[in-house]
$ cat start31.txt   # compact mmCIF, C-alpha atoms
# COMPACT_ATOMS: atom_id res chain seq x y z
CA MET A 18 20.32 40.07 78.33
CA GLN A 19 21.05 43.55 77.12
CA ARG A 20 21.20 44.85 80.67
CA HIS A 21 23.96 42.41 81.61
CA SER A 22 25.81 43.34 78.44
CA THR A 23 25.61 47.03 79.33
CA CYS A 24 26.83 46.39 82.86
CA GLY A 25 29.69 44.34 81.48
CA ARG A 26 30.75 47.11 79.15
CA LYS A 27 30.66 49.65 82.02
CA ALA A 28 32.75 47.37 84.20
CA ALA A 29 35.24 46.90 81.40
CA THR A 30 35.38 50.66 80.92
CA TRP A 31 36.14 51.29 84.61
CA PHE A 32 38.70 48.55 84.51
CA VAL A 33 40.42 50.22 81.57
CA ILE A 34 40.32 53.59 83.35
CA ALA A 35 41.63 52.06 86.56
CA LEU A 36 44.39 50.34 84.60
CA ALA A 37 45.31 53.59 82.91
CA ILE A 38 45.43 55.39 86.26
CA GLY A 39 47.61 52.62 87.64
CA ILE A 40 49.96 52.87 84.67
CA LEU A 41 50.18 56.66 85.07
CA THR A 42 50.79 56.29 88.80
CA THR A 43 53.54 53.76 88.15
CA MET A 44 55.11 56.01 85.51
CA SER A 45 55.00 58.95 87.88
CA SER A 46 56.60 56.87 90.65
CA ASN A 47 59.27 55.63 88.26
CA ALA A 48 59.91 59.20 87.10
CA ALA A 49 60.16 60.39 90.69
CA LEU A 50 62.46 57.50 91.46
CA ALA A 51 64.56 58.34 88.45
CA GLN A 52 64.78 61.94 89.58
CA GLY A 53 65.72 60.81 93.07
CA GLN A 54 68.49 58.60 91.65
CA ARG A 55 69.88 61.36 89.43
CA GLU A 56 73.68 61.48 89.57
CA PRO A 57 74.98 64.18 91.89
CA ALA A 58 76.23 67.29 90.19
CA SER A 59 79.99 67.34 89.68
CA PRO A 60 81.79 69.68 92.09
CA PRO A 61 82.77 73.01 90.60
CA LYS A 62 86.24 73.14 89.20
CA PRO A 63 88.64 75.09 91.37
CA SER A 64 89.27 78.55 90.06
CA ARG A 65 92.75 79.33 88.85
CA ALA A 66 94.92 80.67 91.67
CA VAL A 67 95.83 84.30 91.22
CA PRO A 68 99.48 84.94 92.18
CA ALA A 69 99.88 87.28 95.09
CA PRO A 70 101.45 90.62 94.22
CA GLU A 71 105.15 90.84 94.94
CA ALA A 72 106.15 92.72 98.05
CA PRO A 73 107.78 96.07 97.29
CA GLN A 74 111.57 96.06 97.35
CA PRO A 75 114.08 98.85 98.10
CA ARG A 76 115.23 100.68 95.00
CA ARG A 77 118.36 102.58 94.15
CA ALA A 78 118.36 106.25 95.12
CA ASP A 79 119.16 108.89 92.52
CA VAL A 80 122.11 110.42 94.39
CA ASP A 81 125.53 110.92 92.77
CA ARG A 82 128.94 110.77 94.46
CA ASN A 83 129.02 114.48 95.29
CA GLY A 84 125.58 114.23 96.86
CA VAL A 85 126.74 111.31 98.99
CA LEU A 86 129.79 113.27 100.20
CA ILE A 87 127.65 116.25 101.17
CA LEU A 88 125.08 114.17 103.05
CA VAL A 89 127.57 112.00 104.93
CA LYS A 90 130.16 114.60 105.85
CA SER A 91 127.67 117.27 106.86
CA ALA A 92 125.88 114.82 109.19
CA LEU A 93 129.04 113.46 110.82
CA LEU A 94 130.68 116.86 111.20
CA ALA A 95 127.50 118.20 112.80
CA LEU A 96 127.67 115.29 115.23
CA ASP A 97 131.37 115.99 115.87
CA GLN A 98 130.71 119.65 116.69
CA ALA A 99 127.80 118.72 118.93
CA ASN A 100 129.96 116.23 120.83
CA LYS A 101 132.75 118.79 121.26
CA THR A 102 130.53 121.66 122.40
CA GLY A 103 127.84 119.68 124.21
CA ASN A 104 125.25 121.67 122.25
CA TYR A 105 123.05 119.41 120.13
CA SER A 106 120.63 122.08 118.93
CA VAL A 107 122.17 122.40 115.45
CA LEU A 108 122.28 118.64 114.95
CA ARG A 109 118.62 118.46 115.99
CA ASP A 110 117.66 121.29 113.63
CA LEU A 111 119.30 119.45 110.71
CA GLY A 112 116.99 116.47 111.29
CA SER A 113 113.50 115.69 110.06
CA PRO A 114 110.46 116.46 112.24
CA ASN A 115 110.49 112.84 113.40
CA PHE A 116 114.15 113.24 114.45
CA GLN A 117 113.37 116.50 116.24
CA VAL A 118 111.14 114.72 118.75
CA ASN A 119 114.50 114.20 120.53
CA ASN A 120 115.25 117.41 122.35
CA PRO A 121 118.91 118.50 122.76
CA ALA A 122 119.09 116.99 126.24
CA ARG A 123 117.94 113.62 124.91
CA LEU A 124 120.51 113.74 122.09
CA ALA A 125 123.19 114.55 124.65
CA GLU A 126 122.24 111.36 126.51
CA ILE A 127 122.32 109.27 123.33
CA PHE A 128 125.82 110.40 122.35
CA ALA A 129 127.23 110.67 125.89
CA SER A 130 129.71 107.81 125.39
CA GLN A 131 131.23 109.43 122.29
CA ARG A 132 131.49 112.74 124.11
CA GLN A 133 133.22 111.09 127.06
CA GLN A 134 135.67 109.38 124.71
CA ARG A 135 136.49 112.81 123.25
CA LEU A 136 136.02 111.32 119.80
CA ASP A 137 137.46 113.66 117.15
CA LEU A 138 135.86 113.34 113.68
CA ALA A 139 137.36 116.52 112.20
CA GLY A 140 139.83 114.49 110.14
CA LEU A 141 136.97 113.06 108.08
CA VAL A 142 136.95 116.30 106.10
CA VAL A 143 139.96 115.17 104.07
CA LEU A 144 138.82 111.53 103.66
CA ASP A 145 136.29 110.02 101.29
CA PRO A 146 133.83 107.48 102.65
CA GLN A 147 133.75 103.94 101.31
CA LEU A 148 130.16 102.76 100.97
CA THR A 149 129.14 99.26 102.01
CA LEU A 150 125.48 100.01 101.24
CA LEU A 151 124.77 102.26 98.29
CA PRO A 152 122.00 104.82 98.81
CA GLN A 153 118.66 103.07 98.47
CA ILE A 154 115.04 104.08 98.96
CA GLU A 155 113.33 101.85 101.50
CA THR A 156 109.72 100.74 101.13
CA ASP A 157 108.62 103.51 103.52
CA GLY A 158 110.26 106.21 101.38
CA LYS A 159 113.32 106.81 103.56
CA MET A 160 116.84 106.67 102.15
CA ARG A 161 119.47 104.46 103.79
CA LEU A 162 123.22 104.26 103.22
CA ALA A 163 126.17 102.87 105.17
CA GLY A 164 129.95 102.70 104.95
CA PHE A 165 133.17 103.68 106.66
CA PHE A 166 136.02 106.18 106.55
CA PRO A 167 139.48 104.58 106.15
CA SER A 168 140.81 106.59 109.07
CA THR A 169 143.71 105.58 111.32
CA PRO A 170 144.39 104.31 113.86
CA MET A 171 140.64 103.63 114.23
CA GLN A 172 138.16 103.24 111.40
CA VAL A 173 134.92 105.25 111.57
CA ASN A 174 131.84 103.22 110.60
CA PHE A 175 128.51 104.89 109.96
CA GLU A 176 124.92 104.18 108.97
CA LEU A 177 122.58 107.02 108.04
CA LEU A 178 118.84 107.20 107.42
CA TYR A 179 117.25 110.21 105.76
CA GLU A 180 113.63 111.31 105.42
CA PRO A 181 112.30 113.54 102.61
CA VAL A 182 111.11 116.91 103.91
CA ASN A 183 110.19 119.76 101.53
CA ARG A 184 112.13 118.16 98.64
CA GLU A 185 115.34 117.67 100.61
CA TRP A 186 116.83 114.81 102.60
CA ARG A 187 116.86 115.44 106.35
CA ILE A 188 118.48 113.24 109.02
CA PHE A 189 116.11 110.66 110.50
CA GLY A 190 118.67 108.47 112.23
CA LEU A 191 122.45 108.06 112.45
CA SER A 192 124.81 105.54 114.00
CA VAL A 193 128.58 105.93 114.37
CA ASN A 194 131.08 103.50 115.88
CA LEU A 195 134.79 102.71 115.73
CA SER A 196 136.64 99.56 114.76
CA ALA A 197 140.17 98.51 113.86
CA SER A 198 141.34 100.36 110.77
CA GLY A 199 142.36 97.20 108.95
CA PRO A 200 144.04 93.83 109.26
CA LYS A 201 147.25 94.09 111.24
CA ALA A 202 150.35 92.54 109.68
CA PRO A 203 151.94 89.82 111.79
CA ASP A 204 155.14 90.70 113.58
CA THR A 205 158.17 89.67 111.53
CA PRO A 206 161.43 88.65 113.17
CA PRO A 207 164.31 91.05 112.51
CA ALA A 208 166.53 90.15 109.60
CA ARG A 209 169.74 88.35 110.54
CA GLN A 210 172.65 90.72 110.45
CA PRO A 211 175.70 89.58 108.46
CA ALA A 212 178.86 88.79 110.43
CA VAL A 213 181.29 91.73 110.58
CA SER A 214 185.04 91.22 110.81
CA ARG A 215 186.58 92.99 113.77
CA GLU A 216 190.11 93.04 112.28
CA PRO A 217 191.43 96.49 111.41
CA PRO A 218 191.29 97.40 107.75
CA ARG A 219 194.53 97.04 105.78
CA ALA A 220 196.48 100.08 104.77
CA PRO A 221 196.13 101.37 101.25
CA THR A 222 198.80 100.03 98.85
CA ALA A 223 199.65 100.34 95.20
CA ALA A 224 200.14 96.58 94.88
CA VAL A 225 197.50 94.67 92.99
CA LEU A 226 197.00 91.50 94.93
CA PRO A 227 194.03 89.10 95.12
CA ASN A 228 192.18 88.91 98.43
CA SER A 229 192.71 85.75 100.40
CA PRO A 230 189.42 83.82 100.68
CA ALA A 231 190.31 82.84 104.21
CA THR A 232 191.24 86.22 105.59
CA GLY A 233 189.67 88.56 103.06
CA ARG A 234 193.07 90.33 102.77

$ encode --input "start31.txt" --output "structure tokens"
Amino acid sequence: MQRHSTCGRKAATWFVIALAIGILTTMSSNAALAQGQREPASPPKPSRAVPAPEAPQPRRADVDRNGVLILVKSALLALDQANKTGNYSVLRDLGSPNFQVNNPARLAEIFASQRQQRLDLAGLVVLDPQLTLLPQIETDGKMRLAGFFPSTPMQVNFELLYEPVNREWRIFGLSVNLSASGPKAPDTPPARQPAVSREPPRAPTAAVLPNSPATGR
């Protein structure tokens, strides 16, 4: 009898152990299942957009009126003398190194049409230019300005580009062309001349008489 009781207790013990192992296995499976069913991580929030830096803009050049007159007139008069003499060496020497890549023969080709027109710019000495583009420093460091001379009968338009060389502005590019000097007034018909009497004038007299409205006498 005792032997059967001992075997029964051993069987009960193994049953309890097996049950415990089964419970642990089930818990582990449930835990693994719970981990497998874990909610997906929320996507990262988009980072705040950083505004792109503004592109550089041209800025006003520190050149006064007298400086503008010197730059513009010296460049255009150098061009005038080169066109008249056919020698573009001085005009080339006044330019920046990038302008001087054009040899005198090449400059003569560029301005051939003005030379053939016998364009005379000497009168610009006594005129002041009117600027349509105030001197401004471009993003590449060059200075640009444009305008016209109120010359007659043709107006001289210009655009100049300067490059800094050894702390002075040297010619990098120039453009000159002609246009009408201003709006032309419409032709006006001649004023109507008053009627003139062809009768001879009356002789002087001492009598004081009123003029006749009909004859004017």

$ closest_residue --input "start31.txt" --among "A:Leu178, A:Ala163, A:Ile188, A:Leu138" --to "Gln98 (chain A)" --atoms "all atoms listed in the file"
A:Leu138

$ closest_residue --input "start31.txt" --among "A:Trp186, A:Thr102, A:Ile127, A:Lys90" --to "Gly140 (chain A)" --atoms "all atoms listed in the file"
A:Lys90

$ residues_around --input "start31.txt" --residues "Asp157 (chain A)" --least-positions-apart "5" --cutoff "12 Å" --atoms "all atoms listed in the file" --output "PyMOL selection string"
chain A and resi 73-76+178-181

$ atom_distance --input "start31.txt" --atom1 "CA of Leu86 (chain A)" --atom2 "CA of Tyr105 (chain A)"
21.9 Å

$ closest_residue --input "start31.txt" --among "A:Val107, A:Leu150, A:Leu93, A:Ala139" --to "Leu191 (chain A)" --atoms "only C-alpha atoms"
A:Leu93

$ atom_distance --input "start31.txt" --atom1 "CA of Leu136 (chain A)" --atom2 "CA of Ser192 (chain A)"
13.9 Å

$ axis_aligned_box --input "start31.txt" --around "region 117-130 of chain A" --padding-each-side "4 Å" --output "JSON"
{"center_x": 120.4, "center_y": 113.2, "center_z": 121.4, "size_x": 26.6, "size_y": 18.7, "size_z": 18.3}

$ atom_distance --input "start31.txt" --atom1 "CA of Ala72 (chain A)" --atom2 "CA of Asn115 (chain A)"
25.7 Å

$ closest_residue --input "start31.txt" --among "A:Ala129, A:Leu195, A:Leu148, A:Ala92" --to "Asn104 (chain A)" --atoms "only C-alpha atoms"
A:Ala129

$ closest_residue --input "start31.txt" --among "A:Glu71, A:Glu176, A:Glu185, A:Asp137" --to "Pro152 (chain A)" --atoms "only C-alpha atoms"
A:Glu176

$ closest_residue --input "start31.txt" --among "A:Ser196, A:Thr149, A:Asn119, A:Ser91" --to "Pro170 (chain A)" --atoms "only C-alpha atoms"
A:Ser196
